$ cat coords-v4.txt   # compact mmCIF, C-alpha atoms and all ligand atoms
# COMPACT_ATOMS: atom_id res chain seq x y z
CA MET V 1432 -38.34 -68.30 -16.55
CA LYS V 1433 -40.93 -65.99 -18.08
CA PHE V 1434 -40.13 -63.94 -21.18
CA PHE V 1435 -41.39 -60.36 -21.42
CA LEU V 1436 -40.77 -58.14 -24.44
CA ASP V 1437 -39.33 -54.70 -23.67
CA THR V 1438 -40.99 -52.57 -26.33
CA ALA V 1439 -44.04 -50.47 -27.22
CA ILE V 1440 -43.88 -51.41 -30.91
CA ILE V 1441 -47.02 -53.44 -31.58
CA ASP V 1442 -45.64 -55.29 -34.61
CA GLU V 1443 -42.73 -56.59 -32.53
CA ILE V 1444 -45.15 -57.72 -29.83
CA ARG V 1445 -47.41 -59.50 -32.36
CA ASP V 1446 -44.38 -61.22 -33.91
CA ALA V 1447 -43.07 -62.42 -30.52
CA ASN V 1448 -46.56 -63.41 -29.34
CA ALA V 1449 -47.02 -65.63 -32.40
CA THR V 1450 -44.27 -67.92 -31.03
CA GLY V 1451 -46.45 -68.69 -28.00
CA LEU V 1452 -43.42 -67.90 -25.82
CA LEU V 1453 -44.36 -64.39 -24.72
CA ASP V 1454 -45.48 -63.97 -21.10
CA GLY V 1455 -45.80 -60.19 -20.87
CA VAL V 1456 -44.55 -56.78 -21.97
CA THR V 1457 -42.66 -53.95 -20.31
CA THR V 1458 -42.67 -50.34 -21.47
CA ASN V 1459 -41.11 -47.15 -20.17
CA PRO V 1460 -41.39 -43.47 -21.19
CA SER V 1461 -38.45 -43.80 -23.61
CA LEU V 1462 -40.05 -46.80 -25.33
CA ILE V 1463 -43.38 -44.94 -25.57
CA LYS V 1464 -41.53 -42.02 -27.22
CA LYS V 1465 -39.83 -44.45 -29.65
CA SER V 1466 -43.23 -45.91 -30.62
CA GLY V 1467 -44.40 -42.42 -31.65
CA ARG V 1468 -47.88 -43.28 -30.35
CA ASP V 1469 -50.31 -41.97 -27.77
CA PHE V 1470 -49.56 -43.52 -24.34
CA PHE V 1471 -53.10 -44.68 -23.47
CA GLU V 1472 -53.83 -45.90 -26.98
CA VAL V 1473 -50.67 -47.99 -27.31
CA ILE V 1474 -50.85 -49.45 -23.77
CA ALA V 1475 -54.50 -50.47 -24.35
CA GLU V 1476 -53.56 -52.11 -27.65
CA ILE V 1477 -50.65 -54.01 -26.10
CA ALA V 1478 -52.80 -55.13 -23.15
CA ALA V 1479 -55.42 -56.50 -25.55
CA GLU V 1480 -52.75 -58.33 -27.56
CA VAL V 1481 -50.95 -60.04 -24.68
CA ASP V 1482 -52.42 -62.27 -21.96
CA GLY V 1483 -49.74 -61.55 -19.32
CA PRO V 1484 -48.78 -58.40 -17.41
CA VAL V 1485 -48.16 -55.19 -19.36
CA SER V 1486 -46.10 -52.59 -17.51
CA ALA V 1487 -47.20 -48.95 -17.84
CA GLU V 1488 -44.88 -46.47 -16.14
CA THR V 1489 -45.87 -43.48 -14.02
CA VAL V 1490 -43.87 -40.26 -14.44
CA ALA V 1491 -44.66 -38.08 -11.39
CA ALA V 1492 -42.00 -37.79 -8.69
CA ASP V 1493 -44.33 -37.27 -5.71
CA HIS V 1494 -46.44 -40.00 -4.12
CA GLU V 1495 -49.83 -38.32 -4.41
CA THR V 1496 -49.57 -37.58 -8.11
CA MET V 1497 -47.86 -40.91 -8.79
CA LEU V 1498 -50.74 -42.72 -7.08
CA LYS V 1499 -53.30 -40.87 -9.22
CA GLU V 1500 -51.33 -41.75 -12.34
CA GLY V 1501 -51.04 -45.38 -11.25
CA LEU V 1502 -54.77 -45.70 -10.55
CA LYS V 1503 -55.51 -44.20 -13.98
CA CYS V 1504 -53.06 -46.56 -15.72
CA ALA V 1505 -54.55 -49.57 -13.91
CA LYS V 1506 -57.96 -48.74 -15.37
CA ILE V 1507 -56.66 -49.28 -18.92
CA ALA V 1508 -56.95 -53.08 -18.60
CA ASP V 1509 -56.97 -55.85 -16.01
CA ASN V 1510 -53.46 -57.01 -16.96
CA ILE V 1511 -51.71 -53.68 -16.33
CA ALA V 1512 -48.76 -53.67 -13.93
CA VAL V 1513 -48.14 -50.10 -12.82
CA LYS V 1514 -44.47 -49.20 -12.93
CA VAL V 1515 -43.13 -46.92 -10.22
CA PRO V 1516 -39.54 -45.82 -9.58
CA LEU V 1517 -37.46 -47.10 -6.70
CA THR V 1518 -37.74 -43.98 -4.58
CA ILE V 1519 -39.42 -43.46 -1.22
CA ASP V 1520 -42.40 -41.94 -3.04
CA GLY V 1521 -42.42 -44.89 -5.42
CA LEU V 1522 -42.40 -47.37 -2.54
CA LYS V 1523 -45.30 -45.58 -0.84
CA THR V 1524 -47.18 -45.70 -4.11
CA CYS V 1525 -46.35 -49.38 -4.51
CA LYS V 1526 -47.82 -50.16 -1.11
CA ALA V 1527 -50.99 -48.15 -1.83
CA LEU V 1528 -51.55 -49.71 -5.27
CA ARG V 1529 -50.96 -53.22 -3.93
CA ALA V 1530 -53.60 -52.55 -1.25
CA GLU V 1531 -56.01 -51.96 -4.14
CA GLY V 1532 -55.01 -55.32 -5.67
CA ILE V 1533 -53.11 -53.66 -8.54
CA MET V 1534 -49.93 -55.28 -9.87
CA VAL V 1535 -46.83 -53.11 -9.35
CA ASN V 1536 -43.44 -53.26 -11.06
CA VAL V 1537 -40.83 -51.30 -9.10
CA THR V 1538 -38.28 -50.09 -11.62
CA LEU V 1539 -34.84 -48.46 -11.78
CA CYS V 1540 -33.41 -50.84 -9.18
CA PHE V 1541 -29.60 -50.79 -8.90
CA SER V 1542 -28.93 -52.31 -5.48
CA ALA V 1543 -29.98 -55.34 -3.44
CA ASN V 1544 -31.08 -53.09 -0.58
CA GLN V 1545 -33.42 -51.28 -2.96
CA ALA V 1546 -34.82 -54.65 -3.99
CA LEU V 1547 -35.35 -55.58 -0.31
CA LEU V 1548 -37.37 -52.39 0.18
CA ALA V 1549 -39.50 -53.13 -2.90
CA ALA V 1550 -40.28 -56.64 -1.62
CA LYS V 1551 -41.25 -55.23 1.77
CA ALA V 1552 -43.54 -52.76 -0.03
CA GLY V 1553 -45.26 -55.76 -1.61
CA ALA V 1554 -44.05 -55.25 -5.19
CA THR V 1555 -45.29 -57.79 -7.71
CA PHE V 1556 -42.08 -57.33 -9.72
CA ILE V 1557 -38.68 -55.80 -9.03
CA SER V 1558 -36.79 -54.58 -12.09
CA PRO V 1559 -33.00 -54.55 -11.61
CA PHE V 1560 -31.29 -53.00 -14.66
CA VAL V 1561 -28.37 -55.25 -15.57
CA GLY V 1562 -27.18 -53.56 -18.79
CA ARG V 1563 -27.05 -50.08 -17.28
CA HIS V 1564 -25.23 -51.57 -14.28
CA ASP V 1565 -22.63 -53.17 -16.58
CA ASP V 1566 -22.27 -49.82 -18.39
CA VAL V 1567 -20.90 -48.14 -15.26
CA GLY V 1568 -18.38 -50.86 -14.42
CA PHE V 1569 -20.36 -53.27 -12.20
CA ASP V 1570 -21.51 -56.79 -12.98
CA GLY V 1571 -25.27 -56.54 -13.29
CA MET V 1572 -25.67 -60.28 -12.82
CA ASP V 1573 -24.08 -60.11 -9.34
CA LEU V 1574 -27.01 -57.88 -8.41
CA ILE V 1575 -29.49 -60.50 -9.65
CA ALA V 1576 -27.75 -63.23 -7.63
CA ASP V 1577 -27.80 -61.05 -4.47
CA ILE V 1578 -31.51 -60.30 -4.86
CA ARG V 1579 -32.31 -63.99 -5.50
CA GLN V 1580 -30.52 -64.94 -2.28
CA ILE V 1581 -32.27 -62.27 -0.21
CA TYR V 1582 -35.73 -63.04 -1.60
CA ASP V 1583 -35.19 -66.78 -0.98
CA ASN V 1584 -33.91 -66.13 2.58
CA TYR V 1585 -37.21 -64.49 3.50
CA GLU V 1586 -39.53 -66.23 1.03
CA PHE V 1587 -40.59 -62.95 -0.58
CA ASP V 1588 -42.87 -63.63 -3.51
CA THR V 1589 -41.86 -60.50 -5.43
CA GLU V 1590 -40.75 -61.68 -8.87
CA ILE V 1591 -37.25 -60.75 -10.05
CA LEU V 1592 -37.75 -59.20 -13.49
CA VAL V 1593 -34.31 -58.77 -15.08
CA ALA V 1594 -34.40 -55.55 -17.11
CA SER V 1595 -32.00 -53.61 -19.32
CA VAL V 1596 -31.05 -56.91 -20.96
CA ARG V 1597 -28.69 -56.29 -23.85
CA HIS V 1598 -27.71 -59.75 -25.16
CA PRO V 1599 -28.43 -63.49 -24.89
CA VAL V 1600 -25.78 -64.06 -22.19
CA HIS V 1601 -27.82 -61.84 -19.86
CA VAL V 1602 -30.80 -64.15 -20.48
CA LEU V 1603 -28.70 -67.29 -19.92
CA GLN V 1604 -27.25 -65.99 -16.67
CA SER V 1605 -30.68 -64.83 -15.47
CA ALA V 1606 -31.98 -68.38 -15.96
CA GLN V 1607 -28.92 -69.90 -14.24
CA ILE V 1608 -29.43 -67.67 -11.21
CA GLY V 1609 -33.14 -68.43 -11.10
CA ALA V 1610 -34.63 -65.04 -11.98
CA ASP V 1611 -38.39 -65.21 -12.47
CA VAL V 1612 -38.62 -63.05 -15.59
CA ALA V 1613 -36.31 -61.51 -18.17
CA THR V 1614 -37.51 -58.62 -20.30
CA PHE V 1615 -35.60 -57.95 -23.50
CA PRO V 1616 -35.89 -56.21 -26.87
CA HIS V 1617 -37.26 -58.03 -29.93
CA SER V 1618 -33.72 -58.24 -31.34
CA VAL V 1619 -32.52 -60.24 -28.31
CA MET V 1620 -35.44 -62.67 -28.65
CA GLN V 1621 -34.37 -63.32 -32.27
CA LYS V 1622 -30.79 -63.91 -31.13
CA LEU V 1623 -31.88 -66.45 -28.50
CA ALA V 1624 -33.05 -68.80 -31.24
CA ALA V 1625 -30.15 -68.18 -33.60
CA HIS V 1626 -27.01 -70.30 -33.94
CA PRO V 1627 -24.67 -70.46 -36.97
CA LEU V 1628 -24.35 -74.25 -36.63
CA THR V 1629 -28.15 -74.59 -36.77
CA ASP V 1630 -28.18 -72.58 -40.01
CA LYS V 1631 -25.25 -74.57 -41.43
CA GLY V 1632 -26.81 -77.93 -40.48
CA LEU V 1633 -30.16 -76.92 -41.93
CA ALA V 1634 -28.59 -75.90 -45.23
CA ALA V 1635 -26.77 -79.27 -45.45
CA PHE V 1636 -29.95 -81.24 -44.66
CA GLU V 1637 -31.94 -79.25 -47.25
CA LYS V 1638 -29.34 -79.97 -49.92
CA ASP V 1639 -29.08 -83.71 -49.14
CA TRP V 1640 -32.85 -84.03 -48.96
CA ALA V 1641 -33.23 -82.36 -52.36
CA ASP V 1642 -30.71 -84.88 -53.75
CA THR V 1643 -32.85 -87.84 -52.55
CA GLY V 1644 -35.84 -86.62 -54.53
CA PHE V 1645 -38.15 -87.74 -51.66
CA SER V 1646 -41.07 -85.69 -50.32
CA ILE V 1647 -42.67 -86.07 -46.90
CA LEU V 1648 -46.03 -84.63 -47.89
CA ASP V 1649 -46.61 -86.02 -51.39
C1 LIG D 1 -37.73 -52.28 -18.59
O1 LIG D 1 -38.59 -52.41 -17.78
C2 LIG D 1 -36.69 -51.25 -18.53
O2 LIG D 1 -37.24 -49.99 -18.53
C3 LIG D 1 -35.75 -51.45 -19.67
O3 LIG D 1 -35.37 -52.83 -19.71
C4 LIG D 1 -34.53 -50.55 -19.66
O4 LIG D 1 -33.66 -50.97 -20.68
P1 LIG D 1 -32.44 -50.04 -21.22
O5 LIG D 1 -31.44 -49.91 -20.15
O6 LIG D 1 -31.92 -50.81 -22.40
O7 LIG D 1 -33.06 -48.73 -21.60
$ encode --input "coords-v4.txt" --output "structure tokens" --more "lines below"
Ligand code: E4P
Amino acid sequence: MKFFLDTAIIDEIRDANATGLLDGVTTNPSLIKKSGRDFFEVIAEIAAEVDGPVSAETVAADHETMLKEGLKCAKIADNIAVKVPLTIDGLKTCKALRAEGIMVNVTLCFSANQALLAAKAGATFISPFVGRHDDVGFDGMDLIADIRQIYDNYEFDTEILVASVRHPVHVLQSAQIGADVATFPHSVMQKLAAHPLTDKGLAAFEKDWADTGFSILD
């Protein structure tokens, strides 16, 4: 499963990229606002930092304007995936951008039928939002399982990009279901590596090693 970071904060991206485990980045208008930076400047910087796809989201509601925005975003770098909403206008835009060979991430997906439409529109990625789904009393992971089944039934190559990930269990369940990508905040990436028994074991080994007086390097 690929790991994308869900942020527009360049220091977080550099930190995650240094692990060698980062496969891409997703942004949205709220994350751009949180970065406090100019949209084009920050997207260009992220795209230069990361080898994989970098999602840049359109904001227009109508197809014509959305397409113009998407074409402009795609010019920022070769690894831009244009993000469009899961609306009829967004699906039209997806189809048009894909015809130009541009990667498209269809976002704000909350149902398996929506995901089916995105795949039929040729989306590179579909972004179902699991955390926001959980927030309103559904199980977001059921949605991921449904989409996996449908995409496998028809051999769609649209990648399931699990979004709105709030905690490590979302990542675990995404991997169990066979999602292609999970995008999560920097804080979740830190939590994936953390375990109190690892810390406790490390502290005990450090103490015992110090007691031996040995050194590996000297
Ligand atoms: C990413 O593509 C989504 O925009 C993002 O994961 C949404 O996350 P949130 O529900 O935590 O805002």
$ residues_around --input "coords-v4.txt" --residues "stretch 1620-1625 of chain V" --least-positions-apart "4" --cutoff "12 Å" --atoms "only C-alpha atoms" --output "MDAnalysis selection string"
chainID V and resid 1434:1438 1443:1444 1446:1448 1450 1452:1453 1596:1603 1613:1616 1629:1631
$ closest_residue --input "coords-v4.txt" --among "V:Asp1588, V:Asp1611, V:Asp1566, V:Asp1573" --to "V:Gly1553" --atoms "only C-alpha atoms"
V:Asp1588
$ closest_residue --input "coords-v4.txt" --among "V:Asn1536, V:Thr1496, V:Asn1459, V:Thr1524" --to "ligand LIG 1 (chain D)" --atoms "only C-alpha atoms and all ligand atoms"
V:Asn1459
$ closest_atom_pairs --input "coords-v4.txt" --of "chain V" --to "ligand LIG 1 (chain D)" --cutoff "6 Å" --atoms "all atoms listed in the file" --output "CSV"
residue,atom,partner,partner_atom,distance
V:Asp1437,CA,D:LIG1,C1,5.9
V:Thr1457,CA,D:LIG1,O1,5.0
V:Thr1458,CA,D:LIG1,O1,5.9
V:Asn1459,CA,D:LIG1,O2,5.1
V:Gly1562,CA,D:LIG1,O5,5.8
V:Arg1563,CA,D:LIG1,O5,5.2
V:Ala1594,CA,D:LIG1,O3,3.9
V:Ser1595,CA,D:LIG1,O4,3.4
$ atom_distance --input "coords-v4.txt" --atom1 "atom CA of V:Lys1465" --atom2 "atom CA of V:Ala1487"
14.6 Å
$ closest_residue --input "coords-v4.txt" --among "V:Ala1439, V:Val1481, V:Ala1549, V:Ala1492" --to "V:Ser1466" --atoms "only C-alpha atoms"
V:Ala1439
$ residues_around --input "coords-v4.txt" --residues "V:Asp1570" --least-positions-apart "2" --cutoff "12 Å" --atoms "only C-alpha atoms" --output "list in words"
Phe1541, Ser1542, Pro1559, Phe1560, Val1561, Gly1562, Arg1563, His1564, Asp1565, Asp1566, Val1567, Gly1568, Met1572, Asp1573, Leu1574, Ile1575, Ala1576, Asp1577, His1601 and Gln1604 of chain V
$ residues_around --input "coords-v4.txt" --residues "V:Val1513" --least-positions-apart "3" --cutoff "8 Å" --atoms "only C-alpha atoms" --output "ChimeraX atom specification"
/V:1486-1489,1501,1504-1505,1533-1536
$ write_last_selection --input "coords-v4.txt" --atoms "C-alpha atoms" --output "JSON list (two decimals), in the coordinates of the input"
[["chain", "number", "residue", "atom", "x", "y", "z"],
["V", 1486, "SER", "CA", -46.10, -52.59, -17.51],
["V", 1487, "ALA", "CA", -47.20, -48.95, -17.84],
["V", 1488, "GLU", "CA", -44.88, -46.47, -16.14],
["V", 1489, "THR", "CA", -45.87, -43.48, -14.02],
["V", 1501, "GLY", "CA", -51.04, -45.38, -11.25],
["V", 1504, "CYS", "CA", -53.06, -46.56, -15.72],
["V", 1505, "ALA", "CA", -54.55, -49.57, -13.91],
["V", 1533, "ILE", "CA", -53.11, -53.66, -8.54],
["V", 1534, "MET", "CA", -49.93, -55.28, -9.87],
["V", 1535, "VAL", "CA", -46.83, -53.11, -9.35],
["V", 1536, "ASN", "CA", -43.44, -53.26, -11.06]]
$ closest_residue --input "coords-v4.txt" --among "V:Ile1507, V:Val1490, V:Leu1498, V:Ala1552" --to "V:Glu1472" --atoms "all atoms listed in the file"
V:Ile1507
$ atom_distance --input "coords-v4.txt" --atom1 "atom CA of V:Glu1586" --atom2 "atom CA of V:Ala1478"
29.7 Å
$ atom_distance --input "coords-v4.txt" --atom1 "atom CA of V:Phe1470" --atom2 "atom CA of V:Asn1510"
15.9 Å
$ closest_residue --input "coords-v4.txt" --among "V:Glu1637, V:Asp1509, V:Asp1454, V:Glu1495" --to "V:Ala1527" --atoms "all atoms listed in the file"
V:Glu1495
$ closest_residue --input "coords-v4.txt" --among "V:Val1473, V:Ile1647, V:Ile1519, V:Leu1628" --to "V:Asp1442" --atoms "all atoms listed in the file"
V:Val1473
$ axis_aligned_box --input "coords-v4.txt" --around "stretch 1571-1587 of chain V" --padding-each-side "4 Å" --output "lines of an AutoDock Vina configuration file"
center_x = -32.3
center_y = -61.7
center_z = -4.9
size_x = 24.5
size_y = 18.2
size_z = 24.8
$ residues_around --input "coords-v4.txt" --residues "V:Thr1538" --least-positions-apart "3" --cutoff "6 Å" --atoms "all atoms listed in the file" --output "ChimeraX atom specification"
/V:1515-1517,1558
$ write_last_selection --input "coords-v4.txt" --atoms "C-alpha atoms" --output "mmCIF file, keeping the file's coordinate frame"
data_model
loop_
_atom_site.group_PDB
_atom_site.id
_atom_site.type_symbol
_atom_site.label_atom_id
_atom_site.label_comp_id
_atom_site.auth_asym_id
_atom_site.auth_seq_id
_atom_site.Cartn_x
_atom_site.Cartn_y
_atom_site.Cartn_z
ATOM 1 C CA VAL V 1515 -43.130 -46.920 -10.220
ATOM 2 C CA PRO V 1516 -39.540 -45.820 -9.580
ATOM 3 C CA LEU V 1517 -37.460 -47.100 -6.700
ATOM 4 C CA SER V 1558 -36.790 -54.580 -12.090
#
